[in-house]
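As stored in target-v7.csv (CSV, C-alpha atoms and all ligand atoms):
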chain,number,residue,atom,x,y,z
W,1382,MET,CA,-82.3,170.7,219.5
W,1383,PRO,CA,-82.5,170.6,215.7
W,1384,MET,CA,-79.9,169.7,213.1
W,1385,ALA,CA,-79.6,170.4,209.4
W,1386,ILE,CA,-79.6,167.4,207.1
W,1387,GLN,CA,-78.1,166.9,203.7
W,1388,MET,CA,-81.4,167.3,201.9
W,1389,ALA,CA,-81.6,170.8,200.4
W,1390,THR,CA,-83.5,173.2,198.2
W,1391,THR,CA,-81.5,174.8,195.4
W,1392,VAL,CA,-82.3,178.0,193.6
W,1393,ALA,CA,-80.8,179.0,190.3
W,1394,ALA,CA,-81.2,182.8,189.9
W,1395,ALA,CA,-80.8,185.3,187.1
W,1396,PRO,CA,-81.4,189.1,187.2
W,1397,ALA,CA,-84.6,190.1,185.4
W,1398,GLY,CA,-84.4,193.9,185.3
W,1399,GLY,CA,-87.2,195.8,186.9
W,1400,ARG,CA,-88.9,194.5,190.0
W,1401,VAL,CA,-90.7,191.4,188.7
W,1402,VAL,CA,-89.9,188.1,190.3
W,1403,THR,CA,-90.7,185.0,188.3
W,1404,ALA,CA,-90.3,181.6,190.0
W,1405,ARG,CA,-90.6,178.1,188.7
W,1406,SER,CA,-90.7,175.1,191.0
W,1407,GLU,CA,-89.4,171.9,189.4
W,1408,ASN,CA,-91.0,170.0,192.3
W,1409,LEU,CA,-94.5,171.3,191.6
W,1410,HIS,CA,-94.1,172.0,187.9
W,1411,GLN,CA,-95.6,175.4,188.5
W,1412,GLU,CA,-94.6,179.0,187.7
W,1413,ILE,CA,-95.6,182.1,189.6
W,1414,GLN,CA,-94.9,185.8,189.1
W,1415,PHE,CA,-95.3,189.0,191.1
W,1416,ASP,CA,-94.2,192.6,190.8
W,1417,LEU,CA,-92.6,194.1,193.9
W,1418,ASN,CA,-93.7,197.5,192.8
W,1419,GLN,CA,-97.4,196.4,193.1
W,1420,PRO,CA,-99.2,195.7,196.4
W,1421,ALA,CA,-98.9,192.1,197.6
W,1422,HIS,CA,-101.4,189.5,196.5
W,1423,ARG,CA,-103.7,188.1,199.1
W,1424,ARG,CA,-102.7,184.9,200.7
W,1425,GLN,CA,-103.1,182.1,198.2
W,1426,GLY,CA,-102.6,179.1,200.5
W,1427,ASP,CA,-99.8,177.7,198.3
W,1428,TRP,CA,-96.1,178.0,197.7
W,1429,SER,CA,-96.4,181.5,196.2
W,1430,ASP,CA,-97.1,182.8,199.8
W,1431,TYR,CA,-93.6,181.8,200.8
W,1432,LEU,CA,-92.0,183.4,197.7
W,1433,GLN,CA,-93.9,186.6,198.0
W,1434,GLY,CA,-93.3,186.7,201.8
W,1435,VAL,CA,-89.6,186.3,201.5
W,1436,ALA,CA,-89.2,188.8,198.7
W,1437,ARG,CA,-91.4,191.4,200.3
W,1438,VAL,CA,-90.0,191.1,203.8
W,1439,LEU,CA,-86.4,191.3,202.4
W,1440,ASP,CA,-87.4,194.2,200.3
W,1441,GLN,CA,-88.7,196.1,203.3
W,1442,GLU,CA,-85.9,195.2,205.7
W,1443,ALA,CA,-82.8,194.9,203.5
W,1444,GLY,CA,-84.0,196.2,200.1
W,1445,PRO,CA,-84.5,197.2,197.5
W,1446,ILE,CA,-84.6,193.7,196.0
W,1447,SER,CA,-84.2,193.5,192.2
W,1448,GLY,CA,-86.4,191.5,189.8
W,1449,ALA,CA,-85.3,187.9,189.3
W,1450,HIS,CA,-85.9,184.7,187.5
W,1451,LEU,CA,-85.7,181.8,190.0
W,1452,LEU,CA,-85.6,178.1,189.2
W,1453,ILE,CA,-86.3,176.1,192.3
W,1454,ALA,CA,-85.6,172.4,192.9
W,1455,GLY,CA,-85.1,170.3,196.0
W,1456,ASP,CA,-85.0,166.9,197.5
W,1457,VAL,CA,-86.6,167.8,200.9
W,1458,PRO,CA,-90.0,166.0,200.9
W,1459,LEU,CA,-92.7,168.6,200.9
W,1460,GLY,CA,-95.0,168.7,203.9
W,1461,SER,CA,-93.4,165.8,205.7
W,1462,GLY,CA,-92.2,167.6,208.8
W,1463,LEU,CA,-88.6,168.0,207.6
W,1464,SER,CA,-89.2,171.7,207.0
W,1465,SER,CA,-89.2,172.1,203.3
W,1466,SER,CA,-90.9,175.4,203.9
W,1467,ALA,CA,-88.0,176.9,205.8
W,1468,SER,CA,-85.6,175.3,203.3
W,1469,LEU,CA,-87.4,177.0,200.5
W,1470,GLU,CA,-87.5,180.4,202.3
W,1471,VAL,CA,-83.8,180.4,203.2
W,1472,ALA,CA,-82.8,179.3,199.7
W,1473,VAL,CA,-84.9,182.0,198.0
W,1474,ALA,CA,-83.7,184.6,200.5
W,1475,SER,CA,-80.1,183.7,199.8
W,1476,ALA,CA,-80.7,183.9,196.0
W,1477,LEU,CA,-82.5,187.2,196.1
W,1478,LEU,CA,-79.9,188.8,198.4
W,1479,GLY,CA,-77.1,187.5,196.2
W,1480,LEU,CA,-78.7,189.0,193.0
W,1481,SER,CA,-79.2,192.3,194.8
W,1482,GLU,CA,-75.6,192.2,196.1
W,1483,LYS,CA,-76.7,192.4,199.7
W,1484,LYS,CA,-75.4,190.5,202.6
W,1485,LEU,CA,-77.1,189.6,205.8
W,1486,ALA,CA,-75.9,187.6,208.8
W,1487,GLY,CA,-77.4,184.1,208.9
W,1488,ARG,CA,-79.5,184.7,212.0
W,1489,ASN,CA,-81.0,187.8,210.4
W,1490,ILE,CA,-81.9,185.8,207.2
W,1491,ALA,CA,-83.6,183.3,209.5
W,1492,LEU,CA,-85.6,186.0,211.4
W,1493,LEU,CA,-86.8,187.5,208.1
W,1494,CYS,CA,-87.8,184.1,206.7
W,1495,GLN,CA,-89.7,183.3,209.9
W,1496,ARG,CA,-91.5,186.6,209.6
W,1497,ALA,CA,-92.3,185.8,206.0
W,1498,GLU,CA,-93.9,182.5,207.0
W,1499,ASN,CA,-95.8,184.1,209.9
W,1500,GLU,CA,-97.2,187.0,208.0
W,1501,PHE,CA,-97.6,185.7,204.5
W,1502,ALA,CA,-98.2,181.9,204.9
W,1503,GLY,CA,-100.1,182.5,208.2
W,1504,SER,CA,-98.2,179.9,210.2
W,1505,ARG,CA,-97.2,181.1,213.6
W,1506,CYS,CA,-94.1,179.1,213.5
W,1507,GLY,CA,-91.1,179.7,215.7
W,1508,ILE,CA,-87.5,180.4,214.6
W,1509,MET,CA,-86.0,176.9,214.9
W,1510,ASP,CA,-86.5,175.6,211.3
W,1511,GLN,CA,-85.2,178.8,209.6
W,1512,PHE,CA,-82.3,179.1,212.0
W,1513,THR,CA,-81.3,175.5,211.3
W,1514,ALA,CA,-81.6,175.9,207.5
W,1515,CYS,CA,-79.3,178.9,207.8
W,1516,LEU,CA,-76.8,178.0,210.4
W,1517,GLY,CA,-76.6,174.2,210.6
W,1518,ARG,CA,-73.1,172.8,210.9
W,1519,ALA,CA,-71.8,169.5,209.5
W,1520,GLY,CA,-71.6,166.8,212.2
W,1521,HIS,CA,-73.4,168.8,214.8
W,1522,ALA,CA,-76.8,169.3,216.3
W,1523,ILE,CA,-77.7,172.8,217.6
W,1524,LEU,CA,-78.8,173.5,221.2
W,1525,LEU,CA,-80.8,176.5,220.3
W,1526,ASP,CA,-82.3,179.0,222.7
W,1527,CYS,CA,-85.3,180.3,220.7
W,1528,ARG,CA,-85.7,183.3,222.9
W,1529,SER,CA,-82.2,184.8,222.9
W,1530,LEU,CA,-81.0,183.0,219.7
W,1531,ASP,CA,-77.9,181.8,221.6
W,1532,SER,CA,-76.8,178.6,220.2
W,1533,GLU,CA,-74.3,175.9,220.9
W,1534,TYR,CA,-73.1,173.2,218.4
W,1535,LEU,CA,-73.1,169.7,219.8
W,1536,ARG,CA,-71.1,167.0,218.0
W,1537,VAL,CA,-73.2,164.0,217.0
W,1538,PRO,CA,-71.0,160.9,217.6
W,1539,SER,CA,-70.0,159.2,214.3
W,1540,SER,CA,-70.9,155.9,215.9
W,1541,ALA,CA,-74.5,156.8,215.5
W,1542,ARG,CA,-76.8,157.4,212.5
W,1543,ILE,CA,-79.9,159.5,212.2
W,1544,LEU,CA,-82.6,157.6,210.3
W,1545,VAL,CA,-85.6,159.5,209.1
W,1546,SER,CA,-88.7,157.4,208.3
W,1547,ASN,CA,-91.5,158.9,206.3
W,1548,THR,CA,-95.0,157.6,207.1
W,1549,MET,CA,-96.1,158.9,203.7
W,1550,VAL,CA,-99.3,160.2,205.2
W,1551,LYS,CA,-100.4,163.7,206.0
W,1552,HIS,CA,-103.7,164.2,207.9
W,1553,GLU,CA,-105.9,167.2,207.3
W,1554,LEU,CA,-105.5,168.5,210.8
W,1555,ALA,CA,-101.8,169.3,210.4
W,1556,SER,CA,-101.8,173.0,209.5
W,1557,SER,CA,-104.7,174.2,211.7
W,1558,GLU,CA,-103.7,172.4,214.8
W,1559,TYR,CA,-100.2,174.0,215.0
W,1560,ASN,CA,-101.6,177.5,215.6
W,1561,ARG,CA,-104.2,176.0,218.0
W,1562,ARG,CA,-101.5,174.5,220.1
W,1563,ARG,CA,-99.8,177.9,220.3
W,1564,GLU,CA,-103.1,179.4,221.5
W,1565,GLU,CA,-103.5,176.7,224.1
W,1566,CYS,CA,-100.0,177.3,225.4
W,1567,GLU,CA,-100.7,181.1,225.5
W,1568,GLU,CA,-103.9,180.4,227.5
W,1569,GLY,CA,-101.7,178.3,229.9
W,1570,VAL,CA,-99.2,181.2,230.3
W,1571,HIS,CA,-102.1,183.6,230.9
W,1572,GLY,CA,-103.5,181.4,233.6
W,1573,LEU,CA,-100.2,180.6,235.3
W,1574,ALA,CA,-99.1,184.3,235.3
W,1575,LYS,CA,-101.8,184.9,237.9
W,1576,ARG,CA,-99.8,182.7,240.3
W,1577,ILE,CA,-96.3,183.1,238.9
W,1578,PRO,CA,-95.9,186.8,238.2
W,1579,GLY,CA,-93.6,187.9,235.5
W,1580,ILE,CA,-93.7,184.8,233.3
W,1581,GLU,CA,-93.8,185.5,229.6
W,1582,SER,CA,-93.9,182.0,228.2
W,1583,LEU,CA,-93.8,178.4,229.3
W,1584,ARG,CA,-90.1,178.6,229.1
W,1585,ASP,CA,-90.2,180.6,232.4
W,1586,VAL,CA,-92.2,177.9,234.2
W,1587,THR,CA,-90.5,175.0,236.1
W,1588,ILE,CA,-91.9,171.5,236.4
W,1589,GLU,CA,-92.5,172.1,240.1
W,1590,GLN,CA,-94.4,175.3,239.5
W,1591,LEU,CA,-96.6,173.5,236.9
W,1592,GLU,CA,-97.3,170.7,239.4
W,1593,GLN,CA,-98.3,173.2,242.0
W,1594,PHE,CA,-100.4,175.6,239.9
W,1595,GLY,CA,-101.3,173.5,236.8
W,1596,PRO,CA,-104.4,171.9,238.4
W,1597,GLU,CA,-106.1,175.3,238.3
W,1598,LEU,CA,-105.9,175.2,234.5
W,1599,ASP,CA,-108.3,173.6,232.0
W,1600,LYS,CA,-107.2,169.9,231.8
W,1601,ARG,CA,-106.4,170.1,228.1
W,1602,VAL,CA,-104.4,173.3,228.5
W,1603,LEU,CA,-102.5,171.7,231.4
W,1604,ARG,CA,-101.5,168.7,229.2
W,1605,ARG,CA,-100.2,171.1,226.5
W,1606,CYS,CA,-98.2,173.1,229.0
W,1607,ARG,CA,-96.8,169.9,230.6
W,1608,HIS,CA,-95.5,168.8,227.2
W,1609,VAL,CA,-93.7,172.1,226.6
W,1610,VAL,CA,-92.3,172.4,230.1
W,1611,THR,CA,-91.1,168.8,230.3
W,1612,GLU,CA,-89.8,168.9,226.7
W,1613,ASN,CA,-87.6,171.9,227.6
W,1614,ALA,CA,-86.2,169.9,230.5
W,1615,ARG,CA,-85.6,166.9,228.3
W,1616,THR,CA,-83.8,169.0,225.7
W,1617,LEU,CA,-81.3,170.3,228.3
W,1618,ALA,CA,-80.9,166.8,229.7
W,1619,GLY,CA,-80.4,165.5,226.1
W,1620,ALA,CA,-77.7,168.1,225.5
W,1621,ALA,CA,-75.9,167.0,228.7
W,1622,ALA,CA,-76.2,163.4,227.6
W,1623,LEU,CA,-74.8,164.1,224.1
W,1624,LYS,CA,-71.8,166.0,225.6
W,1625,ARG,CA,-70.8,163.0,227.6
W,1626,GLY,CA,-71.5,160.6,224.7
W,1627,ASP,CA,-74.4,158.9,226.5
W,1628,LEU,CA,-76.5,157.8,223.5
W,1629,ALA,CA,-78.6,155.4,225.6
W,1630,GLU,CA,-79.8,158.2,227.8
W,1631,PHE,CA,-80.3,160.5,224.8
W,1632,GLY,CA,-82.4,157.7,223.2
W,1633,ARG,CA,-84.5,157.3,226.3
W,1634,LEU,CA,-85.3,161.0,226.2
W,1635,MET,CA,-86.4,160.7,222.6
W,1636,ILE,CA,-88.8,158.0,223.5
W,1637,GLN,CA,-90.2,160.1,226.4
W,1638,SER,CA,-90.5,163.0,224.0
W,1639,HIS,CA,-92.6,161.0,221.6
W,1640,GLU,CA,-94.8,159.8,224.4
W,1641,SER,CA,-95.3,163.4,225.5
W,1642,LEU,CA,-96.1,164.6,222.0
W,1643,ARG,CA,-98.5,161.7,221.6
W,1644,ASP,CA,-100.3,161.9,225.0
W,1645,ASP,CA,-100.0,165.5,226.2
W,1646,TYR,CA,-99.5,167.6,223.1
W,1647,GLU,CA,-101.7,165.2,221.0
W,1648,VAL,CA,-100.0,165.9,217.7
W,1649,SER,CA,-99.1,162.3,216.8
W,1650,CYS,CA,-101.2,159.8,214.8
W,1651,LYS,CA,-101.6,156.1,214.3
W,1652,GLU,CA,-98.9,155.9,211.6
W,1653,LEU,CA,-96.3,157.9,213.5
W,1654,ASP,CA,-96.9,155.7,216.6
W,1655,ILE,CA,-96.6,152.5,214.6
W,1656,MET,CA,-93.3,153.8,213.0
W,1657,VAL,CA,-91.9,154.7,216.4
W,1658,GLU,CA,-92.9,151.3,217.9
W,1659,LEU,CA,-91.3,149.4,215.0
W,1660,ALA,CA,-88.1,151.4,215.4
W,1661,ARG,CA,-88.0,150.7,219.1
W,1662,GLY,CA,-88.1,147.0,218.4
W,1663,VAL,CA,-84.9,147.0,216.2
W,1664,GLU,CA,-81.6,146.0,217.7
W,1665,GLY,CA,-79.2,149.0,218.0
W,1666,VAL,CA,-81.9,151.7,218.2
W,1667,TYR,CA,-81.3,154.2,220.9
W,1668,GLY,CA,-84.5,156.2,220.5
W,1669,SER,CA,-87.1,157.4,218.1
W,1670,ARG,CA,-89.7,160.1,218.0
W,1671,MET,CA,-91.9,162.0,215.6
W,1672,THR,CA,-90.5,165.2,214.1
W,1673,GLY,CA,-92.1,168.4,212.8
W,1674,GLY,CA,-95.7,169.5,213.3
W,1675,GLY,CA,-97.2,166.0,213.5
W,1676,PHE,CA,-100.4,164.3,212.2
W,1677,GLY,CA,-98.2,162.4,209.7
W,1678,GLY,CA,-94.8,163.1,208.2
W,1679,CYS,CA,-91.6,161.7,209.6
W,1680,THR,CA,-90.0,160.1,212.6
W,1681,VAL,CA,-86.4,160.4,213.5
W,1682,SER,CA,-84.4,157.6,215.0
W,1683,LEU,CA,-81.0,157.5,216.5
W,1684,VAL,CA,-79.4,154.2,215.5
W,1685,ASP,CA,-76.0,152.5,216.0
W,1686,ALA,CA,-74.2,153.0,212.7
W,1687,VAL,CA,-73.5,149.3,212.1
W,1688,ARG,CA,-77.3,148.6,212.4
W,1689,ALA,CA,-78.5,151.3,210.0
W,1690,ASN,CA,-79.1,149.0,207.0
W,1691,GLU,CA,-80.9,146.4,209.1
W,1692,PHE,CA,-83.1,149.3,210.6
W,1693,ALA,CA,-84.2,150.4,207.1
W,1694,SER,CA,-85.2,147.0,205.9
W,1695,THR,CA,-86.9,145.9,209.2
W,1696,VAL,CA,-88.9,149.0,209.7
W,1697,ALA,CA,-89.9,149.3,206.1
W,1698,ALA,CA,-91.2,145.7,206.1
W,1699,GLY,CA,-93.0,146.1,209.4
W,1700,TYR,CA,-94.6,149.3,208.4
W,1701,PHE,CA,-95.8,147.9,205.1
W,1702,GLN,CA,-97.2,144.9,206.9
W,1703,LYS,CA,-99.2,147.0,209.4
W,1704,THR,CA,-100.4,149.8,207.0
W,1705,GLY,CA,-100.0,148.6,203.4
W,1706,ILE,CA,-97.8,151.6,202.8
W,1707,THR,CA,-94.1,151.5,201.7
W,1708,PRO,CA,-92.3,154.1,203.7
W,1709,ASP,CA,-89.3,156.2,202.5
W,1710,ILE,CA,-86.4,155.8,204.9
W,1711,TYR,CA,-83.5,158.2,204.6
W,1712,ALA,CA,-80.1,157.9,206.3
W,1713,CYS,CA,-79.3,161.5,207.3
W,1714,MET,CA,-76.1,163.3,208.1
W,1715,ALA,CA,-75.9,166.4,210.2
W,1716,SER,CA,-75.0,168.9,207.5
W,1717,ALA,CA,-74.1,172.6,206.8
W,1718,GLY,CA,-76.9,175.1,206.5
W,1719,ALA,CA,-77.1,177.7,203.7
W,1720,SER,CA,-74.8,180.2,205.4
W,1721,GLU,CA,-71.9,177.9,205.6
W,1722,GLU,CA,-72.5,176.6,202.1
W,1723,ILE,CA,-72.5,180.1,200.7
W,1724,ALA,CA,-69.4,181.1,202.8
W,1725,GLU,CA,-67.6,178.1,201.3
W,1726,GLU,CA,-68.6,179.0,197.7
W,1727,LEU,CA,-67.4,182.5,198.1
W,1728,GLY,CA,-64.1,181.1,199.5
Z,1801,LIG,P1,-92.7,171.1,205.8
Z,1801,LIG,O1,-92.1,172.5,206.1
Z,1801,LIG,O2,-92.7,170.2,207.0
Z,1801,LIG,O3,-92.2,170.4,204.6
Z,1801,LIG,P2,-95.0,172.8,205.3
Z,1801,LIG,O4,-96.4,172.6,205.1
Z,1801,LIG,O5,-94.6,173.8,206.4
Z,1801,LIG,O6,-94.3,171.4,205.5
Z,1801,LIG,O7,-94.4,173.4,204.0
Z,1801,LIG,C1,-94.6,172.7,202.8
Z,1801,LIG,C2,-94.9,173.7,201.7
Z,1801,LIG,O8,-93.7,174.4,201.4
Z,1801,LIG,C3,-95.3,173.0,200.4
Z,1801,LIG,O9,-96.7,172.7,200.4
Z,1801,LIG,C4,-95.0,174.1,199.4
Z,1801,LIG,O10,-96.0,175.1,199.4
Z,1801,LIG,C5,-93.7,174.8,200.0
Z,1801,LIG,N1,-92.5,174.2,199.4
Z,1801,LIG,C6,-91.5,173.6,200.0
Z,1801,LIG,N2,-90.5,173.2,199.1
Z,1801,LIG,C7,-91.0,173.7,197.9
Z,1801,LIG,C8,-90.4,173.6,196.5
Z,1801,LIG,N3,-89.3,173.0,196.3
Z,1801,LIG,N4,-91.2,174.1,195.5
Z,1801,LIG,C9,-92.3,174.7,195.8
Z,1801,LIG,N5,-92.9,174.8,197.0
Z,1801,LIG,C10,-92.2,174.3,198.1
Z,1802,MG,MG,-92.8,174.0,207.4
Let me see the structure of the file written as structure tokens.
Ligand code: ADP
Ligand code: MG
Amino acid sequence: MPMAIQMATTVAAAPAGGRVVTARSENLHQEIQFDLNQPAHRRQGDWSDYLQGVARVLDQEAGPISGAHLLIAGDVPLGSGLSSSASLEVAVASALLGLSEKKLAGRNIALLCQRAENEFAGSRCGIMDQFTACLGRAGHAILLDCRSLDSEYLRVPSSARILVSNTMVKHELASSEYNRRREECEEGVHGLAKRIPGIESLRDVTIEQLEQFGPELDKRVLRRCRHVVTENARTLAGAAALKRGDLAEFGRLMIQSHESLRDDYEVSCKELDIMVELARGVEGVYGSRMTGGGFGGCTVSLVDAVRANEFASTVAAGYFQKTGITPDIYACMASAGASEEIAEELG
């Protein structure tokens, strides 16, 4: 259940003639260039992979894409679990499609951006981040079915604020462990399928089935599977709680989610755990959990609106005292994704 926030990546785009794409990132103070008429460069392990990926996937699926000068700048913190990568992809895709006078539905832009990240950046990410960057809606979270892409917008009560706390750390593990977790989950599905015929992913497994057949799995694989299966259940319970305005229950589910990410999925770290514990101790906090791929980056907390300022000062002071690091804390609003913004601009 993601939501888009007000932080954004903006791309200024001008036609370049020919098929050469030149892009400059104001965030990184770097410029890159590639020619769509030439074979793709090998993976570079940097931001050029996203740019090439998006341009080439769009070119194949919706092209031809014309040459362009792109100037990129954003306020999404890079590599902090708030999905600056999806934000970059969707912004670049929207710009290139606009210049080439092509239109695609938001969900298709999201799918192509996901493919760009999978194939060119080598991250086996799902569709959630790109979908949200495209199709987020102001004031709403999205209950997203990542298999069917069915989605339901759930209103976030205005009495609550979403506070994002950045631990300001990023541990080495982050990028490699993501793909490893996917492999472990696939191993779990493979094992469970011997007992539960027809399952394609953990999404098809109930908590009861996992309790029954899980002990036959490798212990670590079982923990990974238990996180996913219980997280799916928590997400549905969270949606029901949000619909009836039960923020206390929603917050309890966030805490359980963090504990599951920490103990079963093992993608948290000391700094994230400290941040969540500090948040839990503040008056008016419903719940708190890490967000994104883990091993650093941000937590997200649901806080009573009248306590938001107090939250920021208390958590920042506590985190500094425990770690010596001053965290960034952002008050976030559920905001429109790129599709709605563009629709608005076009009137
Ligand atoms: P997250 O998506 O959580 O921010 P990722 O590691 O998936 O973390 O993506 C971060 C990467 O995305 C950056 O290291 C950079 O390569 C690229 N990126 C994101 N925003 C920008 C930007 N404005 N300019 C250049 N590269 C960017
Ligand atoms: Mg990312």
Practice prompt. Could you give me, as a PyMOL selection string, the residues within 9 Å of W:His1422, counting only C-alpha atoms and dropping anything in the same chain fewer than 6 positions from it?
Written response: chain W and resi 1415+1430+1433
Where does chain W meet ligand LIG 1801 (chain Z) within 10 Å, residue by residue, with the nearest atom pair and distance in Å to one decimal for each, counting only C-alpha atoms and all ligand atoms, listed by chain and rising number, as CSV?
residue,atom,partner,partner_atom,distance
W:Ala1389,CA,Z:LIG1801,N3,9.0
W:Thr1390,CA,Z:LIG1801,N3,6.1
W:Thr1391,CA,Z:LIG1801,N3,8.1
W:Val1392,CA,Z:LIG1801,N3,9.0
W:Ala1404,CA,Z:LIG1801,C9,9.2
W:Arg1405,CA,Z:LIG1801,N4,7.9
W:Ser1406,CA,Z:LIG1801,N4,4.6
W:Glu1407,CA,Z:LIG1801,N4,6.7
W:Asn1408,CA,Z:LIG1801,N4,5.2
W:Leu1409,CA,Z:LIG1801,N4,5.8
W:His1410,CA,Z:LIG1801,N4,8.4
W:Gln1411,CA,Z:LIG1801,C9,8.0
W:Glu1412,CA,Z:LIG1801,C9,9.5
W:Gly1426,CA,Z:LIG1801,O10,7.8
W:Asp1427,CA,Z:LIG1801,O10,4.7
W:Trp1428,CA,Z:LIG1801,O10,3.4
W:Ser1429,CA,Z:LIG1801,O10,7.2
W:Asp1430,CA,Z:LIG1801,O10,7.8
W:Tyr1431,CA,Z:LIG1801,C5,7.0
W:Leu1432,CA,Z:LIG1801,N5,8.7
W:Leu1452,CA,Z:LIG1801,N4,9.3
W:Ile1453,CA,Z:LIG1801,N3,5.9
W:Ala1454,CA,Z:LIG1801,N3,5.1
W:Gly1455,CA,Z:LIG1801,N3,5.0
W:Asp1456,CA,Z:LIG1801,N3,7.6
W:Val1457,CA,Z:LIG1801,N2,6.9
W:Pro1458,CA,Z:LIG1801,O3,6.2
W:Leu1459,CA,Z:LIG1801,O3,4.1
W:Gly1460,CA,Z:LIG1801,O6,3.2
W:Ser1461,CA,Z:LIG1801,O2,4.6
W:Gly1462,CA,Z:LIG1801,O2,3.2
W:Leu1463,CA,Z:LIG1801,O2,4.7
W:Ser1464,CA,Z:LIG1801,O1,3.1
W:Ser1465,CA,Z:LIG1801,O3,3.7
W:Ser1466,CA,Z:LIG1801,O1,3.8
W:Ala1467,CA,Z:LIG1801,O1,6.0
W:Ser1468,CA,Z:LIG1801,N2,6.8
W:Leu1469,CA,Z:LIG1801,N2,5.1
W:Glu1470,CA,Z:LIG1801,C6,8.2
W:Ala1472,CA,Z:LIG1801,N3,9.7
W:Glu1498,CA,Z:LIG1801,O5,8.7
W:Ala1502,CA,Z:LIG1801,O5,9.0
W:Ser1504,CA,Z:LIG1801,O5,8.0
W:Cys1506,CA,Z:LIG1801,O5,8.9
W:Asp1510,CA,Z:LIG1801,O1,8.2
W:Gln1511,CA,Z:LIG1801,O1,10.0
W:Lys1551,CA,Z:LIG1801,O4,9.8
W:Ala1555,CA,Z:LIG1801,O4,8.3
W:Ser1556,CA,Z:LIG1801,O4,7.0
W:Thr1672,CA,Z:LIG1801,O2,9.0
W:Gly1673,CA,Z:LIG1801,O2,6.1
W:Gly1674,CA,Z:LIG1801,O2,7.0
W:Gly1675,CA,Z:LIG1801,O2,9.0
W:Gly1677,CA,Z:LIG1801,O2,9.9
W:Gly1678,CA,Z:LIG1801,O2,7.5
W:Cys1679,CA,Z:LIG1801,O2,9.0
Discussion item. Just want the 12 Å neighbourhood of stretch 1393-1400 of chain W, counted on all atoms listed in the file, with same-chain residues fewer than 5 positions away dropped. Output as number ranges by chain.
Written reply: W: 1405-1407, 1414-1419, 1436-1437, 1440, 1444-1455, 1472-1482
Excluding stretch 1522-1536 of chain W and any residue of its chain fewer than 5 positions from it, enumerate the residues within 6 Å of it, using all atoms listed in the file, and give them as a CSV table (one decimal) with C-alpha atoms, in the frame of the given file.
chain,number,residue,atom,x,y,z
W,1382,MET,CA,-82.3,170.7,219.5
W,1383,PRO,CA,-82.5,170.6,215.7
W,1384,MET,CA,-79.9,169.7,213.1
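Distance check against ligand MG 1802 (chain Z) using only C-alpha atoms and all ligand atoms: of W:Ala1497, W:Leu1591, W:Leu1598, W:Ala1618, the minimum falls on W:Ala1497.
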Response to the item:
atom CA of W:Arg1607 sits from atom CA of W:Glu1558 at a separation of 17.4 Å
Discussion item. Counting all atoms listed in the file, which residue out of W:Val1570, W:Ala1614, W:Ile1710, W:Leu1554 sits closest to W:Ala1698?
Written reply: W:Ile1710
Worksheet, complete the sentence: Of W:Gly1668, W:Gly1507, W:Gly1434, W:Pro1538, the one nearest to ligand MG 1802 (chain Z) when counting only C-alpha atoms and all ligand atoms is W:Gly1507
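The spacing separating atom CA of W:Glu1640 from atom CA of W:Arg1688 amounts to 24.0 Å.
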Worksheet entry | W:Glu1664 surroundings by only C-alpha atoms, 9 Å radius, close-in-sequence under 2 positions cut, as a PyMOL selection string | chain W and resi 1660-1662+1666-1667+1684-1685+1688+1691-1692
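Among the candidates W:Asn1499, W:Leu1439, W:Glu1589, W:Gln1702, the residue lying nearest to ligand MG 1802 (chain Z) is W:Asn1499 (atoms considered: all atoms listed in the file).
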Worksheet item: Once you count all atoms listed in the file, which residues end up no further than 8 Å from (-99.9, 175.4, 227.6) in the file's frame, shown as JSON, numbers by chain?
Response: {"W": [1562, 1563, 1564, 1565, 1566, 1567, 1568, 1569, 1570, 1583, 1602, 1603, 1604, 1605, 1606, 1607, 1608, 1609]}
Go ahead and write the residues just picked, C-alpha atoms, as a short mmCIF file (atom, residue, chain, number, x, y, z; two decimals), keeping the file's coordinate frame.
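This is the output file again16.cif:
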data_model
loop_
_atom_site.label_atom_id
_atom_site.label_comp_id
_atom_site.auth_asym_id
_atom_site.auth_seq_id
_atom_site.Cartn_x
_atom_site.Cartn_y
_atom_site.Cartn_z
CA ARG W 1562 -101.50 174.50 220.10
CA ARG W 1563 -99.80 177.90 220.30
CA GLU W 1564 -103.10 179.40 221.50
CA GLU W 1565 -103.50 176.70 224.10
CA CYS W 1566 -100.00 177.30 225.40
CA GLU W 1567 -100.70 181.10 225.50
CA GLU W 1568 -103.90 180.40 227.50
CA GLY W 1569 -101.70 178.30 229.90
CA VAL W 1570 -99.20 181.20 230.30
CA LEU W 1583 -93.80 178.40 229.30
CA VAL W 1602 -104.40 173.30 228.50
CA LEU W 1603 -102.50 171.70 231.40
CA ARG W 1604 -101.50 168.70 229.20
CA ARG W 1605 -100.20 171.10 226.50
CA CYS W 1606 -98.20 173.10 229.00
CA ARG W 1607 -96.80 169.90 230.60
CA HIS W 1608 -95.50 168.80 227.20
CA VAL W 1609 -93.70 172.10 226.60
#
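Among W:Gln1441, W:Ser1694, W:Gln1495, W:Thr1680, the residue with the shortest atom-to-atom distance to ligand MG 1802 (chain Z), counting all atoms listed in the file, is W:Gln1495.
Between atom CA of W:Arg1542 and atom CA of W:Ala1686 lies a distance of 5.1 Å.
Compared by their closest atoms to W:Val1657, and using only C-alpha atoms, the residues W:Ser1638, W:Ser1682, W:Gln1387, W:Gln1590 rank with W:Ser1682 nearest.
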